[in-house]
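Novice: Structure file entry.csv (CSV, C-alpha atoms (C1' of nucleotides)) right here:
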chain,number,residue,atom,x,y,z
A,935,MET,CA,-2.7,81.1,-30.3
A,936,GLN,CA,-3.8,77.6,-30.8
A,937,ASP,CA,-5.4,78.6,-34.1
A,938,GLN,CA,-2.1,79.9,-35.4
A,939,LYS,CA,-0.5,76.5,-34.6
A,940,ASP,CA,-3.4,74.6,-36.3
A,941,LEU,CA,-2.9,76.6,-39.4
A,942,LYS,CA,0.9,76.2,-39.5
A,943,ASN,CA,0.3,72.5,-38.9
A,944,ALA,CA,-1.9,72.3,-41.9
A,945,GLY,CA,0.8,74.0,-44.0
A,946,LEU,CA,-1.2,77.2,-44.2
A,947,LYS,CA,0.1,80.7,-43.4
A,948,ALA,CA,-1.6,82.3,-40.4
A,949,THR,CA,-3.3,85.2,-42.3
A,950,LEU,CA,-5.9,87.5,-41.0
A,951,PRO,CA,-8.8,86.1,-43.0
A,952,ARG,CA,-8.0,82.6,-42.0
A,953,LEU,CA,-7.7,83.4,-38.3
A,954,LYS,CA,-10.9,85.3,-38.4
A,955,VAL,CA,-12.8,82.5,-40.1
A,956,LEU,CA,-11.6,79.9,-37.6
A,957,SER,CA,-12.5,82.1,-34.6
A,958,LEU,CA,-15.9,82.7,-36.1
A,959,PHE,CA,-16.6,79.0,-36.0
A,960,GLU,CA,-15.2,78.7,-32.5
A,961,ASN,CA,-17.3,81.6,-31.1
A,962,SER,CA,-20.5,81.5,-33.1
A,963,LYS,CA,-23.5,80.0,-31.4
A,964,GLU,CA,-24.5,78.5,-34.7
A,965,ARG,CA,-22.3,75.5,-35.3
A,966,HIS,CA,-23.3,75.3,-39.0
A,967,LEU,CA,-22.3,78.2,-41.3
A,968,SER,CA,-22.4,78.8,-45.0
A,969,ALA,CA,-19.8,80.7,-47.0
A,970,GLU,CA,-22.3,83.5,-47.4
A,971,ASP,CA,-23.0,83.5,-43.6
A,972,ILE,CA,-19.4,83.9,-42.8
A,973,TYR,CA,-18.8,86.6,-45.5
A,974,LYS,CA,-21.7,88.7,-44.2
A,975,VAL,CA,-20.5,88.5,-40.6
A,976,MET,CA,-17.0,89.4,-41.6
A,977,LEU,CA,-18.2,92.4,-43.6
A,978,ASN,CA,-20.3,93.6,-40.6
A,979,SER,CA,-17.2,93.3,-38.5
A,980,GLY,CA,-15.5,95.8,-40.8
A,981,GLU,CA,-13.1,93.2,-42.4
A,982,ASP,CA,-12.1,93.9,-46.0
A,983,VAL,CA,-12.6,90.4,-47.2
A,984,GLY,CA,-13.7,88.9,-50.5
A,985,LEU,CA,-16.3,86.2,-50.9
A,986,ALA,CA,-13.9,84.2,-53.0
A,987,THR,CA,-11.4,84.2,-50.2
A,988,VAL,CA,-14.0,82.8,-47.8
A,989,TYR,CA,-14.7,80.0,-50.2
A,990,ARG,CA,-11.0,79.3,-50.7
A,991,VAL,CA,-10.4,79.3,-47.0
A,992,LEU,CA,-13.3,77.0,-46.2
A,993,THR,CA,-12.1,74.5,-48.8
A,994,GLN,CA,-8.6,74.6,-47.5
A,995,PHE,CA,-9.9,74.1,-43.9
A,996,GLU,CA,-12.0,71.2,-45.1
A,997,GLN,CA,-9.0,69.6,-46.8
A,998,ALA,CA,-6.9,70.2,-43.6
A,999,GLY,CA,-9.5,68.4,-41.6
A,1000,LEU,CA,-10.3,71.5,-39.5
A,1001,LEU,CA,-13.9,71.8,-40.9
A,1002,VAL,CA,-16.4,69.3,-42.3
A,1003,ARG,CA,-18.6,70.3,-45.2
A,1004,HIS,CA,-22.2,69.3,-45.6
A,1005,HIS,CA,-24.6,69.7,-48.5
A,1006,PHE,CA,-28.0,69.8,-47.0
A,1007,GLU,CA,-31.0,70.2,-49.4
A,1008,SER,CA,-30.7,74.0,-49.1
A,1009,GLY,CA,-28.5,74.3,-52.2
A,1010,LYS,CA,-25.7,75.9,-50.3
A,1011,ALA,CA,-22.9,74.1,-48.5
A,1012,VAL,CA,-22.5,74.5,-44.8
A,1013,PHE,CA,-19.5,73.9,-42.7
A,1014,GLU,CA,-18.9,73.0,-39.1
A,1015,LEU,CA,-15.9,72.6,-36.8
A,1016,ASN,CA,-14.4,69.1,-36.9
A,1017,GLN,CA,-14.2,68.3,-33.3
A,1018,GLY,CA,-13.7,64.6,-33.8
A,1019,GLY,CA,-16.9,63.2,-32.3
A,1020,HIS,CA,-19.0,61.7,-35.0
A,1021,HIS,CA,-22.6,62.6,-35.2
A,1022,ASP,CA,-25.5,62.9,-37.7
A,1023,HIS,CA,-27.8,65.8,-38.6
A,1024,ILE,CA,-31.5,66.5,-38.7
A,1025,VAL,CA,-32.3,69.5,-40.8
A,1026,CYS,CA,-35.4,71.6,-41.1
A,1027,MET,CA,-36.4,72.0,-44.7
A,1028,LYS,CA,-38.3,75.2,-44.0
A,1029,CYS,CA,-36.0,77.2,-41.8
A,1030,GLY,CA,-32.6,75.4,-42.1
A,1031,ARG,CA,-32.3,74.7,-38.4
A,1032,VAL,CA,-29.8,72.0,-37.8
A,1033,GLU,CA,-29.7,69.6,-34.8
A,1034,GLU,CA,-27.2,66.9,-34.2
A,1035,PHE,CA,-27.8,63.4,-32.9
A,1036,TYR,CA,-26.1,60.0,-32.6
A,1037,ASP,CA,-27.6,56.5,-32.6
A,1038,ALA,CA,-25.2,53.6,-32.4
A,1039,GLU,CA,-27.8,51.2,-33.8
A,1040,ILE,CA,-28.3,53.4,-36.9
A,1041,GLU,CA,-24.6,53.6,-37.4
A,1042,LYS,CA,-24.3,49.8,-37.3
A,1043,ARG,CA,-27.2,49.3,-39.7
A,1044,GLN,CA,-26.1,51.9,-42.2
A,1045,GLU,CA,-22.7,50.2,-42.3
A,1046,ALA,CA,-24.4,46.9,-42.9
A,1047,ALA,CA,-26.5,48.3,-45.7
A,1048,ALA,CA,-23.5,49.8,-47.4
A,1049,ALA,CA,-21.6,46.5,-47.1
A,1050,LYS,CA,-24.4,44.7,-48.7
A,1051,PHE,CA,-24.0,46.7,-51.9
A,1052,GLY,CA,-20.2,46.7,-51.9
A,1053,PHE,CA,-19.8,50.3,-50.8
A,1054,LYS,CA,-17.0,51.4,-48.5
A,1055,MET,CA,-18.2,54.2,-46.3
A,1056,GLN,CA,-16.2,57.4,-46.2
A,1057,ASP,CA,-17.6,59.1,-43.1
A,1058,HIS,CA,-20.7,57.6,-41.6
A,1059,SER,CA,-22.7,60.8,-41.8
A,1060,LEU,CA,-26.3,60.7,-42.7
A,1061,THR,CA,-29.0,63.4,-42.7
A,1062,ILE,CA,-32.6,63.4,-41.8
A,1063,TYR,CA,-34.9,66.1,-43.2
A,1064,GLY,CA,-38.1,67.3,-41.6
A,1065,ILE,CA,-40.0,70.4,-40.6
A,1066,CYS,CA,-39.2,71.7,-37.1
A,1067,GLU,CA,-42.1,72.7,-35.0
A,1068,LYS,CA,-40.2,75.3,-33.1
A,1069,GLN,CA,-42.0,78.7,-32.9
A,1070,PRO,CA,-40.0,80.9,-35.3
A,1071,CYS,CA,-38.9,78.4,-37.9
A,1072,ASP,CA,-37.7,81.2,-40.2
A,1073,LYS,CA,-34.5,83.0,-40.8
B,1106,MET,CA,-52.2,55.5,-72.3
B,1107,GLN,CA,-52.0,55.5,-68.6
B,1108,ASP,CA,-49.4,58.3,-68.7
B,1109,GLN,CA,-52.0,60.5,-70.5
B,1110,LYS,CA,-54.4,59.9,-67.7
B,1111,ASP,CA,-51.7,60.5,-65.0
B,1112,LEU,CA,-51.0,63.9,-66.6
B,1113,LYS,CA,-54.6,65.0,-67.0
B,1114,ASN,CA,-55.1,63.9,-63.5
B,1115,ALA,CA,-52.4,66.2,-62.3
B,1116,GLY,CA,-54.0,69.1,-64.3
B,1117,LEU,CA,-51.3,69.0,-66.9
B,1118,LYS,CA,-51.8,68.8,-70.7
B,1119,ALA,CA,-50.6,65.6,-72.3
B,1120,THR,CA,-47.9,67.2,-74.4
B,1121,LEU,CA,-45.1,65.4,-76.3
B,1122,PRO,CA,-42.2,66.5,-74.0
B,1123,ARG,CA,-44.1,65.5,-70.9
B,1124,LEU,CA,-45.1,62.1,-72.3
B,1125,LYS,CA,-41.6,61.5,-73.4
B,1126,VAL,CA,-40.1,62.3,-70.0
B,1127,LEU,CA,-42.5,60.1,-68.2
B,1128,SER,CA,-41.8,57.1,-70.5
B,1129,LEU,CA,-38.1,57.7,-70.2
B,1130,PHE,CA,-38.4,57.1,-66.4
B,1131,GLU,CA,-40.6,54.1,-67.0
B,1132,ASN,CA,-38.3,52.5,-69.5
B,1133,SER,CA,-34.8,53.5,-68.5
B,1134,LYS,CA,-32.8,50.9,-66.6
B,1135,GLU,CA,-31.4,53.8,-64.5
B,1136,ARG,CA,-34.0,54.7,-62.0
B,1137,HIS,CA,-32.3,57.9,-61.0
B,1138,LEU,CA,-31.9,60.6,-63.7
B,1139,SER,CA,-30.8,64.2,-63.7
B,1140,ALA,CA,-32.3,67.0,-65.9
B,1141,GLU,CA,-29.2,66.9,-68.1
B,1142,ASP,CA,-29.4,63.1,-68.4
B,1143,ILE,CA,-32.9,63.4,-69.7
B,1144,TYR,CA,-32.2,66.3,-72.0
B,1145,LYS,CA,-29.3,64.4,-73.6
B,1146,VAL,CA,-31.3,61.2,-74.2
B,1147,MET,CA,-34.2,63.2,-75.7
B,1148,LEU,CA,-31.8,65.1,-78.0
B,1149,ASN,CA,-30.3,61.8,-79.1
B,1150,SER,CA,-33.8,60.5,-79.8
B,1151,GLY,CA,-34.2,63.4,-82.2
B,1152,GLU,CA,-36.6,65.3,-80.1
B,1153,ASP,CA,-36.6,69.1,-80.4
B,1154,VAL,CA,-36.7,69.9,-76.8
B,1155,GLY,CA,-35.2,72.7,-74.6
B,1156,LEU,CA,-33.3,72.1,-71.4
B,1157,ALA,CA,-35.6,74.7,-69.7
B,1158,THR,CA,-38.6,72.6,-70.6
B,1159,VAL,CA,-37.0,69.5,-69.1
B,1160,TYR,CA,-36.5,71.4,-65.9
B,1161,ARG,CA,-40.0,72.8,-65.9
B,1162,VAL,CA,-41.5,69.4,-66.6
B,1163,LEU,CA,-39.5,67.7,-63.8
B,1164,THR,CA,-40.5,70.3,-61.3
B,1165,GLN,CA,-44.2,69.9,-62.3
B,1166,PHE,CA,-44.0,66.2,-62.0
B,1167,GLU,CA,-42.4,66.5,-58.6
B,1168,GLN,CA,-45.2,68.8,-57.5
B,1169,ALA,CA,-47.8,66.4,-59.0
B,1170,GLY,CA,-46.2,63.6,-57.0
B,1171,LEU,CA,-45.2,61.6,-60.1
B,1172,LEU,CA,-41.5,62.0,-59.4
B,1173,VAL,CA,-39.4,62.4,-56.3
B,1174,ARG,CA,-36.4,64.8,-56.3
B,1175,HIS,CA,-33.1,64.1,-54.5
B,1176,HIS,CA,-30.1,66.3,-54.0
B,1177,PHE,CA,-27.2,63.9,-53.6
B,1178,GLU,CA,-23.8,65.5,-53.0
B,1179,SER,CA,-23.2,65.5,-56.7
B,1180,GLY,CA,-24.4,69.1,-57.0
B,1181,LYS,CA,-27.1,68.2,-59.5
B,1182,ALA,CA,-30.6,67.1,-58.6
B,1183,VAL,CA,-31.7,63.6,-59.7
B,1184,PHE,CA,-35.3,62.4,-60.0
B,1185,GLU,CA,-36.9,59.0,-59.7
B,1186,LEU,CA,-40.4,57.6,-60.4
B,1187,ASN,CA,-42.6,57.8,-57.3
B,1188,GLN,CA,-43.9,54.3,-57.0
B,1189,GLY,CA,-45.1,54.6,-53.5
B,1190,GLY,CA,-42.8,52.1,-51.8
B,1191,HIS,CA,-40.6,54.0,-49.4
B,1192,HIS,CA,-36.8,53.3,-49.5
B,1193,ASP,CA,-33.6,55.1,-48.8
B,1194,HIS,CA,-30.5,55.5,-50.9
B,1195,ILE,CA,-26.8,54.7,-50.8
B,1196,VAL,CA,-24.8,56.8,-53.2
B,1197,CYS,CA,-21.3,56.5,-54.5
B,1198,MET,CA,-19.4,59.8,-54.1
B,1199,LYS,CA,-17.0,58.8,-56.9
B,1200,CYS,CA,-19.2,57.6,-59.7
B,1201,GLY,CA,-22.7,58.5,-58.7
B,1202,ARG,CA,-24.0,55.0,-58.6
B,1203,VAL,CA,-27.3,54.8,-56.6
B,1204,GLU,CA,-28.6,51.8,-54.7
B,1205,GLU,CA,-31.8,51.5,-52.8
B,1206,PHE,CA,-32.4,49.9,-49.5
B,1207,TYR,CA,-34.9,49.7,-46.6
B,1208,ASP,CA,-34.3,49.0,-43.0
B,1209,ALA,CA,-37.3,49.1,-40.7
B,1210,GLU,CA,-35.2,49.6,-37.6
B,1211,ILE,CA,-33.4,52.6,-39.1
B,1212,GLU,CA,-36.8,54.0,-40.0
B,1213,LYS,CA,-38.1,53.7,-36.5
B,1214,ARG,CA,-35.0,55.2,-35.0
B,1215,GLN,CA,-34.8,58.1,-37.4
B,1216,GLU,CA,-38.4,58.9,-36.5
B,1217,ALA,CA,-37.5,58.8,-32.8
B,1218,ALA,CA,-34.5,61.1,-33.3
B,1219,ALA,CA,-36.6,63.6,-35.2
B,1220,ALA,CA,-39.3,63.5,-32.5
B,1221,LYS,CA,-36.7,64.2,-29.8
B,1222,PHE,CA,-35.9,67.5,-31.4
B,1223,GLY,CA,-39.5,68.5,-32.3
B,1224,PHE,CA,-39.2,67.8,-36.0
B,1225,LYS,CA,-42.0,66.5,-38.0
B,1226,MET,CA,-40.6,64.3,-40.8
B,1227,GLN,CA,-41.8,65.0,-44.3
B,1228,ASP,CA,-40.7,61.9,-46.1
B,1229,HIS,CA,-38.5,59.5,-44.2
B,1230,SER,CA,-35.8,59.5,-46.8
B,1231,LEU,CA,-32.2,59.4,-45.8
B,1232,THR,CA,-29.0,58.9,-47.8
B,1233,ILE,CA,-25.8,57.2,-47.1
B,1234,TYR,CA,-22.6,58.2,-49.0
B,1235,GLY,CA,-19.7,55.9,-49.7
B,1236,ILE,CA,-17.4,54.7,-52.4
B,1237,CYS,CA,-18.6,51.7,-54.4
B,1238,GLU,CA,-16.1,49.0,-55.0
B,1239,LYS,CA,-17.6,47.9,-58.2
B,1240,GLN,CA,-15.2,47.6,-61.1
B,1241,PRO,CA,-16.0,50.5,-63.4
B,1242,CYS,CA,-17.0,53.2,-60.8
B,1243,ASP,CA,-16.8,55.9,-63.4
B,1244,LYS,CA,-19.3,57.5,-65.7
C,629,DG,C1',12.8,88.4,-51.3
C,630,DT,C1',10.2,84.6,-52.3
C,631,DT,C1',6.2,82.1,-52.0
C,632,DG,C1',1.8,81.9,-50.6
C,633,DT,C1',-2.5,84.9,-50.2
C,634,DT,C1',-5.8,88.2,-51.2
C,635,DG,C1',-9.6,91.0,-53.5
C,636,DC,C1',-11.8,91.8,-57.6
C,637,DA,C1',-13.8,90.6,-61.9
C,638,DA,C1',-14.9,87.4,-65.0
C,639,DA,C1',-16.0,82.4,-65.8
C,640,DT,C1',-18.6,78.3,-64.6
C,641,DG,C1',-22.4,75.0,-63.9
C,642,DA,C1',-27.0,74.1,-62.4
C,643,DT,C1',-31.3,75.9,-62.6
C,644,DT,C1',-34.9,79.7,-63.4
C,645,DT,C1',-37.4,83.1,-65.8
C,646,DG,C1',-39.3,86.5,-69.6
C,647,DC,C1',-41.4,86.3,-73.7
C,648,DA,C1',-43.2,85.6,-78.4
C,649,DG,C1',-44.9,81.9,-80.9
C,650,DC,C1',-47.0,77.1,-81.1
C,651,DT,C1',-50.3,73.3,-79.5
C,652,DG,C1',-53.6,70.5,-77.0
C,653,DT,C1',-58.5,70.5,-75.9
D,554,DA,C1',-60.1,80.3,-80.0
D,555,DC,C1',-57.8,80.2,-75.6
D,556,DA,C1',-55.2,78.8,-71.9
D,557,DG,C1',-51.5,76.3,-71.3
D,558,DC,C1',-46.9,75.0,-73.3
D,559,DT,C1',-42.6,75.3,-75.6
D,560,DG,C1',-37.8,76.8,-77.2
D,561,DC,C1',-34.6,80.3,-76.8
D,562,DA,C1',-31.9,83.7,-74.7
D,563,DA,C1',-30.9,86.2,-70.8
D,564,DA,C1',-31.0,86.1,-65.8
D,565,DT,C1',-29.9,84.1,-61.2
D,566,DC,C1',-27.3,81.6,-57.6
D,567,DA,C1',-23.6,79.2,-55.6
D,568,DT,C1',-19.0,78.5,-56.3
D,569,DT,C1',-14.5,78.7,-58.9
D,570,DT,C1',-10.7,80.7,-61.3
D,571,DG,C1',-7.3,84.1,-63.5
D,572,DC,C1',-4.5,87.7,-62.2
D,573,DA,C1',-1.9,91.7,-60.4
D,574,DA,C1',-1.2,93.6,-56.0
D,575,DC,C1',0.1,92.3,-51.2
D,576,DA,C1',1.4,90.1,-46.9
D,577,DA,C1',3.8,86.2,-44.1
D,578,DC,C1',8.0,83.9,-43.1
Mind converting the file's structure to structure tokens?
Specialist:
Amino acid sequence: MQDQKDLKNAGLKATLPRLKVLSLFENSKERHLSAEDIYKVMLNSGEDVGLATVYRVLTQFEQAGLLVRHHFESGKAVFELNQGGHHDHIVCMKCGRVEEFYDAEIEKRQEAAAAKFGFKMQDHSLTIYGICEKQPCDK
Amino acid sequence: MQDQKDLKNAGLKATLPRLKVLSLFENSKERHLSAEDIYKVMLNSGEDVGLATVYRVLTQFEQAGLLVRHHFESGKAVFELNQGGHHDHIVCMKCGRVEEFYDAEIEKRQEAAAAKFGFKMQDHSLTIYGICEKQPCDK
DNA sequence: GTTGTTGCAAATGATTTGCAGCTGT
DNA sequence: ACAGCTGCAAATCATTTGCAACAAC
């Protein structure tokens, strides 16, 4: 029900595809999803949805501030629910695993670095790339 | 002459397109160039080169360690000469301007964050996005 | 009943690949 | 000569857009 309100609030009609995408983000254990990810899950759930719609909805949600878009080196954009709390990401270049972290000192210093070059920061997000040592590391 | 050696050293024949691309990076005032950038400059210099060759050469140079590839939010990859010295980047989301910086404390802390999640860092590079306040800010 | 939305197909932009011919060594 | 390169055209991948049919309010 809250989702319906969120959508109206953003000036968007509460349509089936949109509600489904929102609930997917709220219920998936993976916080970071790509358009393709979402499209596949919806198809498997029997929805009759088009990939183009998924892209459109994701972009609208981003503009509405419901989602945040990230471009990790993977080549495909991933989205996560915007739950206010700021954090940064560490991404596995091999399997795509994403972890979140926050370090106040880094925040302060990146702001200082930006200021030094006359840059105004948009969001403070920053991404670290590595290889995760977890067992599977594949997808 | 050194370029010829560098190429041989990497197991690559010293061909015209390759030498031209290398010298472009060495002589351009812009350290960060995309495939398209390089292709256009070469065409304007009267070279008879194909865009596919530029892409191939850039990838080979990256694998040989001569160049480093970055995927900033722009959607197109940019490359820079690998001159050993590690540094990070701050990129303007509006005009694409790229500045370089280095902060030992940030390095230390990103390493710590990575370790906490069992990630082994590849290179330590990290990118900050913002809007530069410089006058033109267009391209 | 409008106006906003959707699915589909075709278009786009960046990058890759197949292939016949050309070029360093 | 021979393997390694190259340009060109066609292919691929992620994403966008045009459009007629359709669903919210």
Novice: Return the single residue from A:Val988, A:Ile972, A:Ala1038, A:Leu1060 that is closest to His1194 in chain B, with distances computed using all atoms listed in the file.
Specialist: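 Of all the options, A:Leu1060 lies closest to His1194 in chain B.
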Novice: Do you have, as JSON lines, the list of residues of chain A lying at most 12 Å from chain C, each with its nearest atom pair and that distance in Å to one decimal, counting all atoms listed in the file and ordered by chain then number?
Specialist:
{"residue": "A:Gly945", "atom": "CA", "partner": "C:DG632", "partner_atom": "C1'", "distance": 10.3}
{"residue": "A:Leu946", "atom": "CA", "partner": "C:DG632", "partner_atom": "C1'", "distance": 8.5}
{"residue": "A:Lys947", "atom": "CA", "partner": "C:DG632", "partner_atom": "C1'", "distance": 7.5}
{"residue": "A:Ala948", "atom": "CA", "partner": "C:DT633", "partner_atom": "C1'", "distance": 10.2}
{"residue": "A:Thr949", "atom": "CA", "partner": "C:DT633", "partner_atom": "C1'", "distance": 7.9}
{"residue": "A:Leu950", "atom": "CA", "partner": "C:DT633", "partner_atom": "C1'", "distance": 10.1}
{"residue": "A:Pro951", "atom": "CA", "partner": "C:DT634", "partner_atom": "C1'", "distance": 9.0}
{"residue": "A:Arg952", "atom": "CA", "partner": "C:DT633", "partner_atom": "C1'", "distance": 10.1}
{"residue": "A:Glu981", "atom": "CA", "partner": "C:DG635", "partner_atom": "C1'", "distance": 11.8}
{"residue": "A:Asp982", "atom": "CA", "partner": "C:DG635", "partner_atom": "C1'", "distance": 8.4}
{"residue": "A:Val983", "atom": "CA", "partner": "C:DG635", "partner_atom": "C1'", "distance": 7.0}
{"residue": "A:Gly984", "atom": "CA", "partner": "C:DG635", "partner_atom": "C1'", "distance": 5.5}
{"residue": "A:Leu985", "atom": "CA", "partner": "C:DG635", "partner_atom": "C1'", "distance": 8.6}
{"residue": "A:Ala986", "atom": "CA", "partner": "C:DG635", "partner_atom": "C1'", "distance": 8.1}
{"residue": "A:Thr987", "atom": "CA", "partner": "C:DT634", "partner_atom": "C1'", "distance": 7.0}
{"residue": "A:Val988", "atom": "CA", "partner": "C:DT634", "partner_atom": "C1'", "distance": 10.4}
{"residue": "A:Arg990", "atom": "CA", "partner": "C:DT633", "partner_atom": "C1'", "distance": 10.2}
{"residue": "A:Val991", "atom": "CA", "partner": "C:DT633", "partner_atom": "C1'", "distance": 10.2}
{"residue": "A:Gly1009", "atom": "CA", "partner": "C:DA642", "partner_atom": "C1'", "distance": 10.3}
Novice: Set out as CSV a contact list for chain D and chain A with a cut-off of 12 Å, giving each residue of chain D that qualifies its closest atom pair and distance in Å to one decimal, counting all atoms listed in the file, ordered by chain and rising residue number.
Specialist:
residue,atom,partner,partner_atom,distance
D:DC566,C1',A:Gly1009,CA,9.2
D:DA567,C1',A:Lys1010,CA,6.6
D:DT568,C1',A:Tyr989,CA,7.6
D:DT569,C1',A:Ala986,CA,8.1
D:DT570,C1',A:Ala986,CA,9.6
D:DC575,C1',A:Thr949,CA,11.9
D:DA576,C1',A:Thr949,CA,8.2
D:DA577,C1',A:Lys947,CA,6.7
D:DC578,C1',A:Lys947,CA,8.5
Novice: Suppose you want the space between CA of Ile1040 in chain A and CA of Gln1188 in chain B; what is it in Å?
Specialist: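 So the answer is 25.5 Å.
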Novice: Which chain A residues are at most 8 Å from chain B (counting all atoms listed in the file), as a ChimeraX atom specification?
Specialist: /A:1005,1007,1024,1026,1033,1035,1037,1039-1040,1043-1044,1047-1048,1051-1068
Novice: Restricted to C-alpha atoms, what would the selected residues look like written as a tab-separated table (two decimals), in the coordinates of the input?
Specialist:
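Output below, filename result.tsv:
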chain	number	residue	atom	x	y	z
A	1005	HIS	CA	-24.60	69.70	-48.50
A	1007	GLU	CA	-31.00	70.20	-49.40
A	1024	ILE	CA	-31.50	66.50	-38.70
A	1026	CYS	CA	-35.40	71.60	-41.10
A	1033	GLU	CA	-29.70	69.60	-34.80
A	1035	PHE	CA	-27.80	63.40	-32.90
A	1037	ASP	CA	-27.60	56.50	-32.60
A	1039	GLU	CA	-27.80	51.20	-33.80
A	1040	ILE	CA	-28.30	53.40	-36.90
A	1043	ARG	CA	-27.20	49.30	-39.70
A	1044	GLN	CA	-26.10	51.90	-42.20
A	1047	ALA	CA	-26.50	48.30	-45.70
A	1048	ALA	CA	-23.50	49.80	-47.40
A	1051	PHE	CA	-24.00	46.70	-51.90
A	1052	GLY	CA	-20.20	46.70	-51.90
A	1053	PHE	CA	-19.80	50.30	-50.80
A	1054	LYS	CA	-17.00	51.40	-48.50
A	1055	MET	CA	-18.20	54.20	-46.30
A	1056	GLN	CA	-16.20	57.40	-46.20
A	1057	ASP	CA	-17.60	59.10	-43.10
A	1058	HIS	CA	-20.70	57.60	-41.60
A	1059	SER	CA	-22.70	60.80	-41.80
A	1060	LEU	CA	-26.30	60.70	-42.70
A	1061	THR	CA	-29.00	63.40	-42.70
A	1062	ILE	CA	-32.60	63.40	-41.80
A	1063	TYR	CA	-34.90	66.10	-43.20
A	1064	GLY	CA	-38.10	67.30	-41.60
A	1065	ILE	CA	-40.00	70.40	-40.60
A	1066	CYS	CA	-39.20	71.70	-37.10
A	1067	GLU	CA	-42.10	72.70	-35.00
A	1068	LYS	CA	-40.20	75.30	-33.10
Novice: Go ahead and compute the interatomic distance for CA of Ser1133 in chain B and CA of Cys1242 in chain B, in Å to one decimal.
Specialist: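 CA of Ser1133 in chain B sits 19.4 Å away from CA of Cys1242 in chain B.
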Novice: Between CA of Arg1174 in chain B and CA of Asn1016 in chain A, what is the distance, to one decimal in Å?
Specialist: 29.6 Å
Novice: In Å, how much C-alpha RMSD is there between chain A and chain B after the fit, with all atoms paired in order?
Specialist: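 Here the RMSD amounts to 0.1 Å.
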